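Printed here is entry-v1.txt (compact mmCIF, C-alpha atoms):
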# COMPACT_ATOMS: atom_id res chain seq x y z
CA MET A 1 99.90 -73.72 -95.48
CA GLY A 2 96.99 -71.44 -96.23
CA GLU A 3 95.76 -70.64 -99.69
CA ALA A 4 98.01 -71.91 -102.46
CA THR A 5 98.06 -71.48 -106.17
CA ALA A 6 98.12 -74.80 -108.00
CA ALA A 7 101.45 -75.52 -109.55
CA PRO A 8 101.62 -77.69 -112.65
CA PRO A 9 102.45 -81.29 -111.77
CA THR A 10 106.00 -82.32 -112.49
CA THR A 11 106.47 -84.77 -115.33
CA ASP A 12 108.53 -86.95 -112.99
CA LEU A 13 105.64 -89.41 -112.76
CA PRO A 14 104.13 -92.11 -114.95
CA PRO A 15 103.68 -90.12 -118.16
CA THR A 16 100.69 -87.77 -118.37
CA VAL A 17 101.34 -86.43 -121.88
CA PRO A 18 99.16 -86.21 -123.90
CA PRO A 19 96.80 -84.69 -121.31
CA PRO A 20 94.03 -86.74 -119.67
CA ASN A 21 90.52 -86.84 -121.07
CA GLU A 22 87.77 -84.42 -120.11
CA ALA A 23 86.04 -86.81 -117.71
CA LEU A 24 89.24 -87.20 -115.73
CA GLU A 25 90.03 -83.50 -115.89
CA SER A 26 86.63 -82.49 -114.54
CA ALA A 27 86.23 -85.23 -111.93
CA PRO A 28 86.19 -84.26 -108.23
CA THR A 29 89.57 -84.43 -106.52
CA TRP A 30 88.94 -87.67 -104.64
CA ARG A 31 88.29 -89.49 -107.95
CA ARG A 32 90.78 -87.55 -110.09
CA GLU A 33 93.58 -88.05 -107.58
CA PRO A 34 92.61 -91.17 -105.58
CA TYR A 35 96.03 -91.50 -103.98
CA ARG A 36 95.04 -88.62 -101.68
CA VAL A 37 92.43 -90.93 -100.13
CA PHE A 38 94.13 -94.32 -100.26
CA PHE A 39 97.67 -93.59 -99.10
CA PRO A 40 96.62 -92.20 -95.69
CA LEU A 41 94.09 -95.03 -95.33
CA GLY A 42 96.85 -97.55 -96.07
CA VAL A 43 99.09 -96.12 -93.35
CA ALA A 44 96.19 -96.22 -90.88
CA LEU A 45 95.70 -99.91 -91.67
CA ALA A 46 99.46 -100.46 -91.31
CA TRP A 47 99.08 -99.21 -87.75
CA ALA A 48 96.14 -101.56 -87.27
CA GLY A 49 98.30 -104.46 -88.42
CA VAL A 50 101.56 -103.65 -86.60
CA LEU A 51 100.47 -102.00 -83.35
CA PRO A 52 99.29 -105.34 -81.88
CA TRP A 53 102.92 -106.58 -82.06
CA ALA A 54 104.08 -103.63 -79.95
CA LEU A 55 101.24 -104.26 -77.49
CA PHE A 56 102.02 -107.97 -77.45
CA ALA A 57 105.61 -107.18 -76.44
CA LEU A 58 104.19 -105.14 -73.54
CA ASP A 59 101.87 -108.03 -72.59
CA LEU A 60 98.87 -105.91 -73.50
CA ALA A 61 97.61 -107.96 -76.45
CA GLU A 62 97.54 -111.54 -77.65
CA TYR A 63 99.56 -113.12 -80.46
CA ARG A 64 97.72 -112.62 -83.77
CA SER A 65 99.97 -113.74 -86.64
CA ILE A 66 97.18 -114.50 -89.13
CA TYR A 67 95.49 -111.18 -88.46
CA HIS A 68 98.82 -109.36 -88.86
CA ALA A 69 99.44 -110.94 -92.28
CA ILE A 70 95.93 -110.14 -93.55
CA ALA A 71 95.97 -106.57 -92.25
CA GLN A 72 99.36 -105.86 -93.80
CA VAL A 73 98.70 -107.38 -97.23
CA GLU A 74 94.94 -107.06 -97.75
CA GLY A 75 94.69 -103.81 -95.78
CA PHE A 76 97.84 -101.66 -95.78
CA LEU A 77 99.48 -102.77 -99.03
CA ALA A 78 96.15 -103.18 -100.83
CA CYS A 79 95.34 -99.50 -100.21
CA PHE A 80 98.62 -98.43 -101.80
CA VAL A 81 97.95 -100.72 -104.77
CA VAL A 82 94.44 -99.29 -105.21
CA GLY A 83 95.62 -95.71 -104.79
CA PHE A 84 98.38 -96.12 -107.35
CA LEU A 85 96.34 -98.03 -109.96
CA PHE A 86 93.29 -95.77 -109.65
CA THR A 87 95.58 -92.76 -110.17
CA ALA A 88 98.09 -94.00 -112.74
CA ILE A 89 96.02 -96.12 -115.12
CA PRO A 90 93.53 -93.41 -116.18
CA ARG A 91 96.38 -90.93 -116.67
CA ARG A 92 98.52 -93.36 -118.64
CA THR A 93 95.65 -94.56 -120.85
CA ARG A 94 93.72 -91.24 -121.02
CA THR A 95 90.55 -92.99 -119.85
CA ASP A 96 87.89 -92.18 -117.28
CA PRO A 97 88.68 -91.97 -113.56
CA PRO A 98 87.35 -94.60 -111.15
CA GLY A 99 83.63 -94.30 -110.58
CA VAL A 100 81.99 -93.59 -107.24
CA LEU A 101 81.16 -97.28 -106.67
CA ALA A 102 84.73 -98.40 -107.42
CA MET A 103 86.07 -95.76 -105.04
CA LEU A 104 83.68 -96.84 -102.28
CA VAL A 105 84.62 -100.49 -102.74
CA GLY A 106 88.30 -99.51 -102.62
CA ILE A 107 87.77 -97.66 -99.36
CA VAL A 108 85.41 -100.06 -97.59
CA ALA A 109 86.90 -103.42 -98.61
CA PRO A 110 90.38 -103.11 -97.01
CA VAL A 111 88.81 -101.79 -93.81
CA GLY A 112 86.20 -104.56 -93.81
CA THR A 113 88.84 -107.20 -94.43
CA THR A 114 90.97 -105.92 -91.54
CA VAL A 115 88.07 -105.57 -89.09
CA CYS A 116 86.74 -109.05 -89.90
CA ALA A 117 90.21 -110.55 -89.55
CA TRP A 118 90.55 -108.94 -86.10
CA GLN A 119 87.27 -110.62 -85.15
CA ARG A 120 88.58 -113.91 -86.59
CA ALA A 121 85.72 -113.87 -89.08
CA TRP A 122 87.94 -115.29 -91.80
CA MET A 123 85.28 -116.00 -94.42
CA PRO A 124 83.71 -112.51 -94.37
CA SER A 125 87.20 -110.98 -94.45
CA GLN A 126 87.90 -112.84 -97.68
CA VAL A 127 84.55 -111.86 -99.16
CA PHE A 128 85.60 -108.22 -98.81
CA TRP A 129 88.96 -109.10 -100.36
CA ILE A 130 87.46 -110.94 -103.34
CA VAL A 131 85.07 -108.06 -104.08
CA LEU A 132 88.04 -105.66 -104.06
CA VAL A 133 90.09 -107.85 -106.39
CA PHE A 134 87.21 -108.23 -108.86
CA THR A 135 86.75 -104.44 -108.80
CA LEU A 136 90.44 -103.84 -109.51
CA ILE A 137 90.52 -106.41 -112.32
CA GLY A 138 87.50 -104.85 -114.00
CA PHE A 139 88.89 -101.33 -113.57
CA ALA A 140 92.35 -102.18 -114.93
CA VAL A 141 91.35 -104.44 -117.82
CA ARG A 142 88.61 -102.14 -119.13
CA ARG A 143 90.96 -99.17 -119.32
CA MET A 144 94.01 -101.05 -120.57
CA MET A 145 92.01 -102.76 -123.35
CA SER A 146 89.68 -99.87 -124.22
CA ALA A 147 89.55 -99.00 -127.90
CA SER A 148 89.33 -95.33 -126.91
CA ALA A 149 92.46 -95.40 -124.77
CA GLY A 150 94.90 -92.70 -125.82
CA ARG A 151 97.95 -94.66 -124.66
CA ARG A 152 98.84 -98.21 -123.63
CA PRO A 153 100.84 -99.34 -120.60
CA PRO A 154 104.24 -100.93 -121.20
CA ASN A 155 104.33 -104.65 -121.95
CA GLY A 156 105.41 -105.52 -118.41
CA PHE A 157 102.15 -104.08 -117.08
CA VAL A 158 100.50 -107.37 -118.04
CA TRP A 159 101.72 -108.52 -114.62
CA VAL A 160 99.12 -106.27 -112.95
CA PRO A 161 96.01 -108.26 -113.98
CA ILE A 162 98.03 -111.45 -113.50
CA GLY A 163 98.85 -110.41 -109.95
CA LEU A 164 95.21 -109.63 -109.21
CA LEU A 165 94.25 -113.05 -110.58
CA PHE A 166 96.83 -114.59 -108.25
CA GLY A 167 95.11 -112.89 -105.33
CA LEU A 168 91.72 -114.15 -106.49
CA ALA A 169 92.92 -117.71 -107.11
CA GLY A 170 94.69 -117.84 -103.76
CA SER A 171 91.56 -116.85 -101.86
CA ALA A 172 89.57 -119.41 -103.86
CA PHE A 173 92.04 -122.21 -102.98
CA ILE A 174 91.90 -121.30 -99.28
CA GLY A 175 88.10 -121.18 -99.28
CA LEU A 176 87.65 -124.41 -101.25
CA GLN A 177 90.07 -126.27 -99.01
CA GLY A 178 88.33 -124.91 -95.91
CA ALA A 179 85.00 -126.16 -97.31
CA GLN A 180 86.70 -129.53 -97.99
CA VAL A 181 86.02 -129.29 -101.70
CA LEU A 182 89.81 -129.58 -102.08
CA GLU A 183 90.97 -132.23 -99.62
CA SER A 184 94.71 -131.68 -99.43
CA PHE A 185 95.92 -128.95 -97.05
CA ALA A 186 98.56 -128.19 -99.68
CA TRP A 187 95.87 -126.19 -101.51
CA HIS A 188 95.50 -123.96 -98.47
CA GLU A 189 99.26 -123.41 -98.32
CA LEU A 190 99.47 -122.68 -102.04
CA GLY A 191 96.56 -120.26 -101.78
CA LYS A 192 98.18 -118.43 -98.88
CA LEU A 193 101.44 -118.06 -100.82
CA LEU A 194 99.61 -116.72 -103.86
CA VAL A 195 97.76 -114.09 -101.82
CA LEU A 196 100.56 -113.01 -99.47
CA GLN A 197 103.48 -113.26 -101.89
CA GLY A 198 102.55 -114.09 -105.49
CA MET A 199 100.13 -111.21 -105.93
CA LEU A 200 102.58 -108.68 -104.47
CA ILE A 201 105.51 -109.94 -106.55
CA ALA A 202 103.45 -109.74 -109.74
CA LEU A 203 102.25 -106.21 -108.92
CA ILE A 204 105.80 -105.11 -108.13
CA VAL A 205 107.01 -106.43 -111.50
CA GLY A 206 104.06 -104.92 -113.37
CA VAL A 207 104.07 -101.51 -111.72
CA GLY A 208 107.87 -101.55 -111.55
CA SER A 209 108.16 -101.99 -115.31
CA MET A 210 106.59 -98.54 -115.67
CA VAL A 211 107.58 -96.73 -112.49
CA LEU A 212 111.03 -97.90 -111.36
CA PRO A 213 112.99 -96.78 -114.46
CA LEU A 214 111.11 -93.48 -114.33
CA ILE A 215 111.75 -92.83 -110.64
CA THR A 216 115.39 -93.92 -110.58
CA CYS A 217 116.66 -92.68 -113.92
CA GLY A 218 113.88 -90.64 -115.53
CA ASP A 219 113.33 -93.18 -118.30
CA ALA A 220 109.72 -93.51 -119.42
CA PRO A 221 109.18 -97.01 -120.86
CA PRO A 222 107.49 -97.20 -124.27
CA ASP A 223 103.85 -98.13 -124.70
CA GLY A 224 102.99 -101.71 -125.44
CA VAL A 225 101.64 -101.98 -128.98
CA ALA A 226 100.02 -104.63 -131.14
CA THR A 227 103.12 -105.76 -133.03
CA SER A 228 104.14 -109.40 -133.18
CA ARG A 229 107.25 -108.61 -131.14
CA ASP A 230 105.25 -106.96 -128.38
CA ARG A 231 102.81 -109.87 -128.30
CA LEU A 232 105.77 -112.20 -127.98
CA VAL A 233 107.15 -110.16 -125.08
CA ARG A 234 103.80 -110.22 -123.29
CA GLY A 235 103.62 -113.96 -123.88
CA GLY A 236 107.04 -114.28 -122.26
CA HIS A 237 105.73 -112.45 -119.21
CA VAL A 238 102.81 -114.87 -118.99
CA LEU A 239 105.23 -117.81 -119.08
CA ALA A 240 107.33 -116.16 -116.37
CA ALA A 241 104.17 -115.78 -114.26
CA ALA A 242 103.52 -119.50 -114.68
CA ALA A 243 107.10 -120.16 -113.56
CA LEU A 244 106.48 -118.01 -110.48
CA VAL A 245 103.48 -120.16 -109.59
CA GLY A 246 105.73 -123.17 -110.10
CA THR A 247 108.10 -121.90 -107.40
CA PHE A 248 105.20 -121.83 -104.93
CA VAL A 249 104.18 -125.36 -105.89
CA ILE A 250 107.77 -126.51 -105.35
CA GLU A 251 107.86 -124.79 -101.96
CA VAL A 252 104.67 -126.55 -100.85
CA VAL A 253 105.09 -130.06 -102.24
CA VAL A 254 108.83 -130.50 -102.88
CA GLU A 255 111.23 -128.43 -100.76
CA ARG A 256 110.88 -124.98 -99.23
CA ARG A 257 114.46 -123.83 -99.76
CA LEU A 258 114.44 -124.85 -103.43
CA GLY A 259 111.26 -122.87 -103.98
CA HIS A 260 112.80 -119.80 -102.36
CA ALA A 261 116.01 -120.11 -104.37
CA LEU A 262 114.20 -120.43 -107.69
CA ARG A 263 111.93 -117.52 -106.80
CA ALA A 264 114.89 -115.33 -105.93
CA ALA A 265 116.52 -116.03 -109.30
CA LEU A 266 113.30 -115.48 -111.24
CA ILE A 267 112.46 -112.19 -109.50
CA LEU A 268 116.01 -110.91 -109.90
CA GLY A 269 115.90 -111.64 -113.62
CA LEU A 270 112.53 -109.94 -114.00
CA LEU A 271 113.45 -106.81 -112.07
CA VAL A 272 116.77 -106.44 -113.86
CA GLY A 273 115.07 -107.02 -117.22
CA VAL A 274 111.87 -104.98 -116.97
CA ALA A 275 112.57 -102.55 -114.12
CA ARG A 276 116.29 -102.09 -114.93
CA ILE A 277 117.39 -102.16 -111.30
CA ALA A 278 120.96 -103.03 -112.34
CA ARG A 279 121.41 -99.30 -112.88
CA ARG A 280 121.88 -97.11 -109.84
CA PRO A 281 119.63 -94.03 -109.57
CA THR A 282 120.84 -91.11 -111.62
CA LYS A 283 118.07 -88.62 -110.80
CA ALA A 284 118.45 -86.30 -107.81
CA GLY A 285 116.33 -87.10 -104.78
CA TRP A 286 117.01 -89.25 -101.72
CA HIS A 287 113.81 -91.28 -101.96
CA ARG A 288 114.95 -92.72 -105.31
CA TRP A 289 117.68 -94.67 -103.51
CA LEU A 290 115.12 -96.13 -101.13
CA VAL A 291 112.88 -97.42 -103.92
CA TRP A 292 115.93 -98.86 -105.69
CA ALA A 293 117.09 -100.58 -102.48
CA ALA A 294 113.56 -101.92 -101.92
CA ALA A 295 113.61 -103.55 -105.37
CA TRP A 296 116.88 -105.31 -104.54
CA ALA A 297 115.58 -106.39 -101.12
CA ILE A 298 112.85 -108.57 -102.66
CA PRO A 299 115.04 -111.20 -104.40
CA THR A 300 117.75 -110.84 -101.74
CA GLY A 301 115.28 -111.76 -99.01
CA TYR A 302 114.24 -114.91 -100.84
CA ALA A 303 117.88 -115.84 -101.44
CA LEU A 304 118.62 -115.49 -97.71
CA ALA A 305 115.52 -117.54 -96.85
CA ALA A 306 116.86 -120.30 -99.08
CA LEU A 307 120.09 -120.43 -97.07
CA PHE A 308 118.44 -121.16 -93.72
CA PRO A 309 117.32 -124.73 -93.05
CA ASP A 310 115.71 -123.76 -89.72
CA GLU A 311 111.94 -123.25 -89.90
CA HIS A 312 112.11 -120.02 -87.87
CA GLN A 313 115.38 -118.51 -89.08
CA HIS A 314 114.29 -118.39 -92.71
CA GLN A 315 111.68 -115.82 -91.61
CA ALA A 316 114.53 -113.31 -91.33
CA GLY A 317 115.00 -113.50 -95.09
CA LEU A 318 111.28 -113.36 -95.80
CA HIS A 319 110.90 -110.25 -93.67
CA LEU A 320 113.67 -108.56 -95.63
CA THR A 321 111.40 -109.18 -98.64
CA PHE A 322 108.24 -108.03 -96.87
CA ILE A 323 109.48 -105.07 -94.81
CA GLY A 324 112.51 -103.91 -96.80
CA GLY A 325 110.94 -104.84 -100.14
CA PHE A 326 107.14 -104.72 -100.35
CA ALA A 327 106.43 -102.22 -97.55
CA MET A 328 109.39 -99.95 -98.29
CA MET A 329 108.54 -99.85 -101.99
CA ALA A 330 104.86 -99.10 -101.41
CA LEU A 331 105.60 -96.27 -98.99
CA THR A 332 108.42 -94.81 -101.10
CA ILE A 333 106.40 -94.87 -104.31
CA GLY A 334 103.71 -93.18 -102.23
CA ILE A 335 106.20 -90.42 -101.43
CA HIS A 336 107.12 -90.03 -105.09
CA VAL A 337 103.54 -89.99 -106.39
CA THR A 338 102.46 -87.45 -103.77
CA LEU A 339 105.37 -85.07 -104.32
CA ALA A 340 105.65 -85.42 -108.08
CA HIS A 341 101.96 -85.39 -108.89
CA GLY A 342 101.33 -82.57 -106.43
CA GLY A 343 103.94 -80.34 -108.06
CA TRP A 344 106.47 -80.36 -105.19
CA THR A 345 109.41 -80.30 -107.58
CA ASP A 346 112.01 -79.10 -105.06
CA LEU A 347 111.20 -82.00 -102.72
CA VAL A 348 111.10 -84.57 -105.53
CA HIS A 349 114.68 -83.64 -106.45
CA GLY A 350 115.75 -82.70 -102.95
CA ARG A 351 116.78 -84.17 -99.64
CA PRO A 352 113.91 -83.76 -97.18
CA TRP A 353 114.98 -84.84 -93.69
CA GLN A 354 112.04 -87.22 -93.38
CA VAL A 355 113.42 -89.56 -96.07
CA PRO A 356 116.61 -90.77 -94.31
CA LEU A 357 114.73 -90.92 -91.00
CA PHE A 358 112.03 -93.04 -92.60
CA GLY A 359 114.61 -95.32 -94.26
CA GLY A 360 116.71 -95.63 -91.11
CA LEU A 361 113.72 -96.64 -89.00
CA ILE A 362 112.72 -99.26 -91.56
CA ALA A 363 116.27 -100.63 -91.36
CA ILE A 364 116.00 -100.84 -87.55
CA ALA A 365 112.69 -102.67 -87.90
CA LEU A 366 114.36 -105.12 -90.28
CA VAL A 367 117.28 -105.81 -87.93
CA PHE A 368 115.08 -106.50 -84.92
CA ARG A 369 112.62 -108.61 -86.92
CA ALA A 370 115.60 -110.68 -88.06
CA VAL A 371 116.73 -111.04 -84.43
CA ALA A 372 113.23 -112.25 -83.50
CA ALA A 373 113.51 -114.98 -86.13
CA ALA A 374 117.12 -115.97 -85.44
CA HIS A 375 117.19 -115.90 -81.63
CA ARG A 376 113.97 -117.27 -80.17
CA PRO A 377 114.66 -116.26 -76.52
CA TRP A 378 114.52 -112.61 -77.62
CA VAL A 379 111.49 -112.99 -79.88
CA VAL A 380 108.97 -110.99 -77.85
CA ALA A 381 111.21 -108.02 -77.10
CA SER A 382 112.58 -107.97 -80.66
CA LEU A 383 109.09 -108.02 -82.16
CA GLY A 384 108.19 -105.08 -79.96
CA VAL A 385 111.20 -103.01 -81.04
CA ALA A 386 110.66 -103.93 -84.71
CA ALA A 387 106.99 -102.93 -84.50
CA ALA A 388 107.81 -99.64 -82.76
CA ALA A 389 110.49 -98.77 -85.33
CA PHE A 390 108.13 -99.53 -88.22
CA LEU A 391 105.37 -97.40 -86.74
CA LEU A 392 107.79 -94.52 -86.15
CA ALA A 393 108.89 -94.87 -89.78
CA THR A 394 105.29 -94.30 -90.86
CA VAL A 395 105.21 -91.17 -88.67
CA ALA A 396 108.28 -89.83 -90.52
CA TRP A 397 106.59 -90.75 -93.80
CA ALA A 398 103.41 -88.98 -92.76
CA ALA A 399 105.34 -85.84 -91.75
CA LEU A 400 106.50 -85.55 -95.37
CA VAL A 401 103.44 -86.78 -97.23
CA LEU A 402 100.31 -85.73 -95.36
CA PRO A 403 100.81 -81.94 -95.57
CA ARG A 404 101.40 -82.31 -99.33
CA LEU A 405 98.14 -84.20 -99.77
CA ARG A 406 96.17 -81.13 -98.71
CA ASP A 407 97.81 -78.29 -100.61
CA ARG A 408 99.95 -77.60 -103.63
CA PRO A 409 103.10 -75.47 -103.51
CA LEU A 410 102.88 -71.74 -104.01
CA ALA A 411 103.55 -70.73 -107.60
As structure tokens, please, write out the structure in this file.
Amino acid sequence: MGEATAAPPTTDLPPTVPPPNEALESAPTWRREPYRVFFPLGVALAWAGVLPWALFALDLAEYRSIYHAIAQVEGFLACFVVGFLFTAIPRRTRTDPPGVLAMLVGIVAPVGTTVCAWQRAWMPSQVFWIVLVFTLIGFAVRRMMSASAGRRPPNGFVWVPIGLLFGLAGSAFIGLQGAQVLESFAWHELGKLLVLQGMLIALIVGVGSMVLPLITCGDAPPDGVATSRDRLVRGGHVLAAAALVGTFVIEVVVERRLGHALRAALILGLLVGVARIARRPTKAGWHRWLVWAAAWAIPTGYALAALFPDEHQHQAGLHLTFIGGFAMMALTIGIHVTLAHGGWTDLVHGRPWQVPLFGGLIAIALVFRAVAAAHRPWVVASLGVAAAAFLLATVAWAALVLPRLRDRPLA
């Protein structure tokens, strides 16, 4: 693209008015705009997590389901979480950018987790993960609670530290059960659900309370303040988080389908209430429909999982939640942050060809992953097609995003 004159960022992002503080303004680009580092790293780790499925279908790699789950959640999705929080929280609160140490932890930890998981070094992989979660908790809480913060996040953002605590608690349960401090294997199962699902759900609700109304309809949610009503609202969110944990307990010790059904209802209520997904997008821009559809896919996937009594078939519903919900939302918010924050106003409100291609390939991945769960004789071939479609979707995503990470549009 050559030399470009910086265009002012569009306001179609988590609010940046009043302007950020001097430390943020003067920070080097990689700390001032961390998404430029973490979004590409996340896609690279997505390839690390999904490519083995394509190779497995070609009989070129072994079956690695545990590695796949860790790489996707604690590698790929974690990078998008770090990139968004490190970018959005300082701008929303007018506080300092992430420090060099926090940035290095954010970069090294997801890679270390993924590499250790590939080597089946499960304990070291979780050490990397726990260090990352502690870093994120400290970063978020210090800025959200700082007396010098110029603004406060909306009340629903309380789900962000809650989600990070879910990830920490889940890893602790898995480790303590593995060390036989906790005897029942149910602790391992509960810990796995908290890390792979509970943390992501909480982060979606927390981030979604601020971002989804803004992306879909241009509505910036109000700041959370210290009134009795706002404290009551935040307390309600904490109770809802406890109810979410209850659905995982029910899934593990009572009945899987009941846990899924209750979770679907709870998530639907939360996303309709705090993220306002009952409204269709009113802002121009194709990617807004994808993020809206991704929000609906999360409770819908759990509802479908609750309908299937078969141990394998219910995975079709869960992968609607994971692929069509978590992954689609992370990648689409990544598109929005990159284009909006970078000043690419025409693309934010436009119809770039990469968006429907990206969404269509994700849909193909979903269909074939569902076939793999529903029809076991076709599982290997279907996993291969699903993996290939997902990887091609990230190529379409990269064709739109990566060039806009380097330059800004001409004035």
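Of the listed residues (A:Leu339, A:Met199, A:Asp96, A:Val272), A:Asp96 comes nearest to Glu22 in chain A; the distances count all atoms listed in the file.
Of the listed residues (A:Gly334, A:Gly75, A:Gly301, A:Gly218), A:Gly301 comes nearest to Leu320 in chain A; the distances count all atoms listed in the file.
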Q | Which residue of A:Val245, A:Val82, A:Val252, A:Val379 approaches Val37 in chain A most closely, using only C-alpha atoms | A | A:Val82
Write out, as CSV, each residue of range 114-143 of chain A that has an atom at most 12 Å from range 148-154 of chain A, together with the closest pair of atoms and their distance in Å to one decimal, counting all atoms listed in the file, rows going by chain and rising number.
residue,atom,partner,partner_atom,distance
A:Ala140,CA,A:Pro153,CA,10.6
A:Val141,CA,A:Pro153,CA,11.1
A:Arg142,CA,A:Ala149,CA,9.6
A:Arg143,CA,A:Ala149,CA,6.8
Q: Show which residues sit within 12 Å of Phe308 in chain A, as number ranges by chain. Count all atoms listed in the file, and ignore same-chain residues fewer than 3 positions away.
A: A: 256-258, 260-261, 301-305, 311-318, 373-374
Q | Point-to-point distance from CA of Ile267 in chain A to CA of Pro161 in chain A, Å rounded to tenths | A | 17.5 Å
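Across the structure, CA of Leu51 in chain A and CA of Val81 in chain A are spaced 21.6 Å apart.
In this comparison, which uses only C-alpha atoms, the residue of A:Ala202, A:Val395, A:Pro34, A:Asp230 approaching Arg263 in chain A most closely is A:Ala202.
Across the structure, CA of Phe80 in chain A and CA of Phe38 in chain A are spaced 6.3 Å apart.
Proximity ranking of A:Val105, A:Leu212, A:Ala275, A:Ala117 relative to Arg288 in chain A places A:Leu212 first, based on only C-alpha atoms.
You can rank A:Gly208, A:Pro97, A:Gly259, A:Pro52 by their closest distance to Glu33 in chain A using only C-alpha atoms, and at the top of that list sits A:Pro97.
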Please put the answer as AutoDock Vina command-line options: centre and edge lengths, in Å with one decimal, of a box along x, y and z that encloses all listed atoms of range 127-139 of chain A plus 6 Å on each side.
--center_x 87.5 --center_y -106.6 --center_z -106.4 --size_x 18.0 --size_y 22.5 --size_z 27.2
Q: Dump as number ranges by chain all residues having an atom at most 10 Å from (90.7, -102.8, -111.5), computed in the file's coordinates with all atoms listed in the file.
A: A: 82, 85-86, 89, 98, 102, 106, 132-144, 160-161, 164
Could you save the residues just selected, with C-alpha atoms, as a compact mmCIF listing (two decimals), in the coordinates of the input?
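Result saved to again12.txt:
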# COMPACT_ATOMS: atom_id res chain seq x y z
CA VAL A 82 94.44 -99.29 -105.21
CA LEU A 85 96.34 -98.03 -109.96
CA PHE A 86 93.29 -95.77 -109.65
CA ILE A 89 96.02 -96.12 -115.12
CA PRO A 98 87.35 -94.60 -111.15
CA ALA A 102 84.73 -98.40 -107.42
CA GLY A 106 88.30 -99.51 -102.62
CA LEU A 132 88.04 -105.66 -104.06
CA VAL A 133 90.09 -107.85 -106.39
CA PHE A 134 87.21 -108.23 -108.86
CA THR A 135 86.75 -104.44 -108.80
CA LEU A 136 90.44 -103.84 -109.51
CA ILE A 137 90.52 -106.41 -112.32
CA GLY A 138 87.50 -104.85 -114.00
CA PHE A 139 88.89 -101.33 -113.57
CA ALA A 140 92.35 -102.18 -114.93
CA VAL A 141 91.35 -104.44 -117.82
CA ARG A 142 88.61 -102.14 -119.13
CA ARG A 143 90.96 -99.17 -119.32
CA MET A 144 94.01 -101.05 -120.57
CA VAL A 160 99.12 -106.27 -112.95
CA PRO A 161 96.01 -108.26 -113.98
CA LEU A 164 95.21 -109.63 -109.21
Near range 360-364 of chain A, counting all atoms listed in the file, which residues have an atom at most 8 Å away, once you skip same-chain residues fewer than 3 positions from it, shown as an mmCIF file with C-alpha atoms, in the coordinates of the input?
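Just written: result-v7.cif:
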data_model
loop_
_atom_site.group_PDB
_atom_site.id
_atom_site.type_symbol
_atom_site.label_atom_id
_atom_site.label_comp_id
_atom_site.auth_asym_id
_atom_site.auth_seq_id
_atom_site.Cartn_x
_atom_site.Cartn_y
_atom_site.Cartn_z
ATOM 1 C CA ILE A 323 109.480 -105.070 -94.810
ATOM 2 C CA GLY A 324 112.510 -103.910 -96.800
ATOM 3 C CA MET A 328 109.390 -99.950 -98.290
ATOM 4 C CA PRO A 356 116.610 -90.770 -94.310
ATOM 5 C CA LEU A 357 114.730 -90.920 -91.000
ATOM 6 C CA VAL A 367 117.280 -105.810 -87.930
ATOM 7 C CA PHE A 368 115.080 -106.500 -84.920
ATOM 8 C CA ALA A 386 110.660 -103.930 -84.710
ATOM 9 C CA ALA A 389 110.490 -98.770 -85.330
ATOM 10 C CA PHE A 390 108.130 -99.530 -88.220
ATOM 11 C CA LEU A 392 107.790 -94.520 -86.150
ATOM 12 C CA ALA A 393 108.890 -94.870 -89.780
#
Q: Select all residues near (111.2, -84.3, -104.2) (cut-off 9 Å, inclusive, file coordinates), counting all atoms listed in the file, and output them as JSON, numbers by chain.
A: {"A": [284, 285, 286, 287, 335, 336, 339, 340, 344, 345, 346, 347, 348, 349, 350, 351, 352]}
Q. Within 10 Å of Arg234 in chain A, counting only C-alpha atoms, which residues qualify if same-chain residues fewer than 5 places away don't, as a PyMOL selection string?
A. chain A and resi 154-159+224+228-229+239-240
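Shell of Val50 in chain A at 10 Å, with all atoms listed in the file counted and residues fewer than 5 places along the chain excluded, is Leu45, Leu55, Tyr67, His68, Ala69, Ala71, Gln72, Leu383, Gly384, Ala386, Ala387, Ala388, Phe390 and Leu391 of chain A.
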Kindly save the residues from that selection, with C-alpha atoms included, as a PDB file, keeping the file's coordinate frame.
ATOM      1  CA  LEU A  45      95.700 -99.910 -91.670  1.00  0.00           C
ATOM      2  CA  LEU A  55     101.240-104.260 -77.490  1.00  0.00           C
ATOM      3  CA  TYR A  67      95.490-111.180 -88.460  1.00  0.00           C
ATOM      4  CA  HIS A  68      98.820-109.360 -88.860  1.00  0.00           C
ATOM      5  CA  ALA A  69      99.440-110.940 -92.280  1.00  0.00           C
ATOM      6  CA  ALA A  71      95.970-106.570 -92.250  1.00  0.00           C
ATOM      7  CA  GLN A  72      99.360-105.860 -93.800  1.00  0.00           C
ATOM      8  CA  LEU A 383     109.090-108.020 -82.160  1.00  0.00           C
ATOM      9  CA  GLY A 384     108.190-105.080 -79.960  1.00  0.00           C
ATOM     10  CA  ALA A 386     110.660-103.930 -84.710  1.00  0.00           C
ATOM     11  CA  ALA A 387     106.990-102.930 -84.500  1.00  0.00           C
ATOM     12  CA  ALA A 388     107.810 -99.640 -82.760  1.00  0.00           C
ATOM     13  CA  PHE A 390     108.130 -99.530 -88.220  1.00  0.00           C
ATOM     14  CA  LEU A 391     105.370 -97.400 -86.740  1.00  0.00           C
TER      15      LEU A 391
END
